[in-house]
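What follows is target_39.txt (compact mmCIF, C-alpha atoms).
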# COMPACT_ATOMS: atom_id res chain seq x y z
CA CYS A 1 -6.75 2.86 2.68
CA TRP A 2 -7.35 6.37 3.99
CA ARG A 3 -4.78 5.88 6.76
CA VAL A 4 -1.98 5.15 4.30
CA GLN A 5 -3.09 7.94 1.96
CA LYS A 6 -3.07 10.44 4.84
CA ALA A 7 0.44 9.40 5.88
CA LEU A 8 1.67 9.78 2.29
CA ASP A 9 0.01 13.20 2.04
CA ASP A 10 1.47 14.32 5.38
CA GLN A 11 4.96 13.34 4.20
CA GLY A 12 4.48 15.01 0.81
CA ILE A 13 5.04 11.75 -1.05
CA PRO A 14 3.35 11.75 -4.46
CA TYR A 15 1.28 8.69 -5.32
CA GLU A 16 -1.41 7.44 -7.62
CA VAL A 17 -4.39 5.48 -6.32
CA VAL A 18 -5.10 2.54 -8.57
CA LYS A 19 -8.38 0.75 -8.00
CA GLY A 20 -7.98 -2.99 -8.07
CA PRO A 21 -10.32 -5.95 -8.08
CA ARG A 22 -12.61 -6.37 -5.09
CA ARG A 23 -12.22 -10.14 -4.97
CA PRO A 24 -8.89 -11.18 -3.47
CA ARG A 25 -8.41 -14.07 -5.90
CA ASN A 26 -8.51 -11.62 -8.83
CA ARG A 27 -5.72 -9.40 -7.49
CA THR A 28 -3.03 -11.06 -9.58
CA ALA A 29 -0.69 -8.04 -9.75
CA VAL A 30 -0.77 -7.62 -5.96
CA ILE A 31 -0.28 -11.35 -5.40
CA GLU A 32 2.67 -11.42 -7.80
CA GLY A 33 4.22 -8.35 -6.18
CA THR A 34 3.64 -9.10 -2.51
CA GLY A 35 2.81 -12.79 -2.31
CA GLN A 36 -0.53 -11.84 -0.73
CA PRO A 37 -3.93 -10.79 -2.08
CA LEU A 38 -4.35 -8.08 0.54
CA TYR A 39 -4.66 -4.31 0.37
CA PRO A 40 -3.16 -1.81 0.98
CA ALA A 41 -0.04 -2.34 -1.07
CA VAL A 42 2.37 0.15 -2.60
CA GLN A 43 4.18 -0.46 -5.84
CA PHE A 44 7.25 1.72 -6.38
CA GLU A 45 8.45 3.06 -9.72
CA ASP A 46 11.22 0.44 -9.82
CA GLY A 47 8.58 -2.32 -9.69
CA SER A 48 9.19 -3.34 -6.09
CA TRP A 49 6.31 -3.58 -3.61
CA TYR A 50 5.62 -2.79 0.05
CA ARG A 51 2.76 -4.42 1.92
CA ASP A 52 1.86 -4.50 5.61
CA GLU A 53 -1.18 -3.89 7.77
CA SER A 54 -2.46 -0.33 7.26
CA LYS A 55 -1.47 0.87 10.75
CA GLU A 56 2.07 -0.42 10.27
CA MET A 57 2.31 1.06 6.78
CA ALA A 58 1.11 4.45 8.08
CA ARG A 59 3.67 4.30 10.90
CA THR A 60 6.50 3.42 8.51
CA ILE A 61 5.53 6.28 6.21
CA SER A 62 5.08 8.79 9.07
CA GLU A 63 8.48 7.89 10.47
CA GLY A 64 10.06 8.58 7.09
CA ARG A 65 11.15 5.00 6.56
CA LEU A 66 9.16 4.25 3.39
CA LEU A 67 11.77 5.49 0.96
CA ALA A 68 14.79 4.74 3.14

Could you take the file, read its structure, and then write that structure out as structure tokens?
Amino acid sequence: CWRVQKALDDQGIPYEVVKGPRRPRNRTAVIEGTGQPLYPAVQFEDGSWYRDESKEMARTISEGRLLA
């Protein structure tokens, strides 16, 4: 999601965009990590995940609370 990417860029947080399956039922990694088949989702280096609606994710990132 461009909104989440912009927030990450604005905060100087490095990330890698990984294209996933278009069909929600095929998003097994996202489902296993978040319990949902929805994008956007962030997987951290330690294997943990963060998922919320894009506006909320962008707000969390912009407020500096993503890595807190």

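Each of A:Arg22, A:Ala7, A:Tyr15, A:Arg51 was compared to Gln36 of chain A using only C-alpha atoms, and A:Arg51 turns out to be the nearest.
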
Practice task
Determine the nearest neighbour of Gly20 of chain A from the options A:Glu63, A:Asp52, A:Tyr39, A:Cys1, counting all atoms listed in the file.
Solution key: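 Closest to Gly20 of chain A of all the choices is A:Tyr39.
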
Exercise for the section: Might you pull out every residue within 9 Å of Leu8 of chain A, with all atoms listed in the file counted and same-chain residues fewer than 6 positions away left off, and present them as a ChimeraX atom specification? Expected result: /A:14-15,58,61-62

Exercise for the section: Rounded to one decimal place, report the atom CA of Arg27 of chain A-atom CA of Leu66 of chain A distance in Å. Expected result: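 Going from atom CA of Arg27 of chain A over to atom CA of Leu66 of chain A, I get 22.9 Å.
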
Practice task
Please provide the set of residues having any atom within 12 Å of Tyr50 of chain A, restricted to all atoms listed in the file, with same-chain residues fewer than 6 positions apart removed, written as a PyMOL selection string.
Solution key: chain A and resi 4+30-31+33-36+38-44+56-58+60-61+65-67

Problem - Residue with smallest distance to Gly64 of chain A - pool A:Val18, A:Asn26, A:Gln5, A:Gly12, counting all atoms listed in the file - result: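 For Gly64 of chain A, the nearest of the given residues is A:Gly12.
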
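You will find atom CA of Ser48 of chain A at 18.1 Å from atom CA of Lys19 of chain A.
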
Since fewer atoms than expected are present, regenerate N, CA, C and O atoms for segment 4-24 of chain A and write them as a CSV table (one decimal), keeping the file's coordinate frame.
chain,number,residue,atom,x,y,z
A,4,VAL,N,-3.2,5.1,5.1
A,4,VAL,CA,-2.0,5.2,4.3
A,4,VAL,C,-1.9,6.4,3.4
A,4,VAL,O,-0.9,7.1,3.3
A,5,GLN,N,-3.0,6.7,2.8
A,5,GLN,CA,-3.1,7.9,2.0
A,5,GLN,C,-2.8,9.2,2.8
A,5,GLN,O,-2.0,10.1,2.3
A,6,LYS,N,-3.3,9.3,4.0
A,6,LYS,CA,-3.1,10.4,4.8
A,6,LYS,C,-1.6,10.5,5.2
A,6,LYS,O,-1.0,11.6,5.2
A,7,ALA,N,-1.0,9.4,5.5
A,7,ALA,CA,0.4,9.4,5.9
A,7,ALA,C,1.3,9.8,4.7
A,7,ALA,O,2.2,10.6,4.8
A,8,LEU,N,0.9,9.4,3.5
A,8,LEU,CA,1.7,9.8,2.3
A,8,LEU,C,1.5,11.3,2.1
A,8,LEU,O,2.5,12.0,1.8
A,9,ASP,N,0.3,11.8,2.2
A,9,ASP,CA,0.0,13.2,2.0
A,9,ASP,C,0.8,14.0,3.1
A,9,ASP,O,1.4,15.0,2.7
A,10,ASP,N,0.8,13.6,4.3
A,10,ASP,CA,1.5,14.3,5.4
A,10,ASP,C,3.0,14.4,5.1
A,10,ASP,O,3.6,15.4,5.5
A,11,GLN,N,3.5,13.4,4.5
A,11,GLN,CA,5.0,13.3,4.2
A,11,GLN,C,5.3,14.0,2.9
A,11,GLN,O,6.5,14.1,2.5
A,12,GLY,N,4.3,14.4,2.1
A,12,GLY,CA,4.5,15.0,0.8
A,12,GLY,C,5.0,14.0,-0.2
A,12,GLY,O,5.7,14.4,-1.2
A,13,ILE,N,4.6,12.8,-0.1
A,13,ILE,CA,5.0,11.8,-1.0
A,13,ILE,C,4.0,11.6,-2.1
A,13,ILE,O,2.8,11.3,-1.8
A,14,PRO,N,4.3,11.9,-3.4
A,14,PRO,CA,3.4,11.8,-4.5
A,14,PRO,C,3.0,10.3,-4.7
A,14,PRO,O,3.8,9.4,-4.6
A,15,TYR,N,1.8,10.0,-5.1
A,15,TYR,CA,1.3,8.7,-5.3
A,15,TYR,C,0.1,8.7,-6.2
A,15,TYR,O,-0.5,9.8,-6.4
A,16,GLU,N,-0.2,7.6,-6.8
A,16,GLU,CA,-1.4,7.4,-7.6
A,16,GLU,C,-2.2,6.3,-7.0
A,16,GLU,O,-1.7,5.2,-6.8
A,17,VAL,N,-3.5,6.5,-6.8
A,17,VAL,CA,-4.4,5.5,-6.3
A,17,VAL,C,-4.9,4.7,-7.5
A,17,VAL,O,-5.4,5.3,-8.5
A,18,VAL,N,-4.7,3.4,-7.5
A,18,VAL,CA,-5.1,2.5,-8.6
A,18,VAL,C,-6.1,1.6,-8.0
A,18,VAL,O,-5.8,0.8,-7.1
A,19,LYS,N,-7.3,1.7,-8.5
A,19,LYS,CA,-8.4,0.8,-8.0
A,19,LYS,C,-8.1,-0.6,-8.6
A,19,LYS,O,-7.8,-0.8,-9.7
A,20,GLY,N,-8.2,-1.6,-7.7
A,20,GLY,CA,-8.0,-3.0,-8.1
A,20,GLY,C,-9.2,-3.8,-7.9
A,20,GLY,O,-10.3,-3.3,-7.4
A,21,PRO,N,-9.2,-5.1,-8.2
A,21,PRO,CA,-10.3,-6.0,-8.1
A,21,PRO,C,-10.8,-6.1,-6.6
A,21,PRO,O,-10.0,-6.1,-5.7
A,22,ARG,N,-12.1,-6.2,-6.4
A,22,ARG,CA,-12.6,-6.4,-5.1
A,22,ARG,C,-12.3,-7.8,-4.6
A,22,ARG,O,-12.1,-7.9,-3.4
A,23,ARG,N,-12.4,-8.8,-5.4
A,23,ARG,CA,-12.2,-10.1,-5.0
A,23,ARG,C,-10.7,-10.4,-4.9
A,23,ARG,O,-10.0,-10.3,-5.8
A,24,PRO,N,-10.3,-10.9,-3.7
A,24,PRO,CA,-8.9,-11.2,-3.5
A,24,PRO,C,-8.3,-12.1,-4.5
A,24,PRO,O,-7.1,-11.9,-4.9
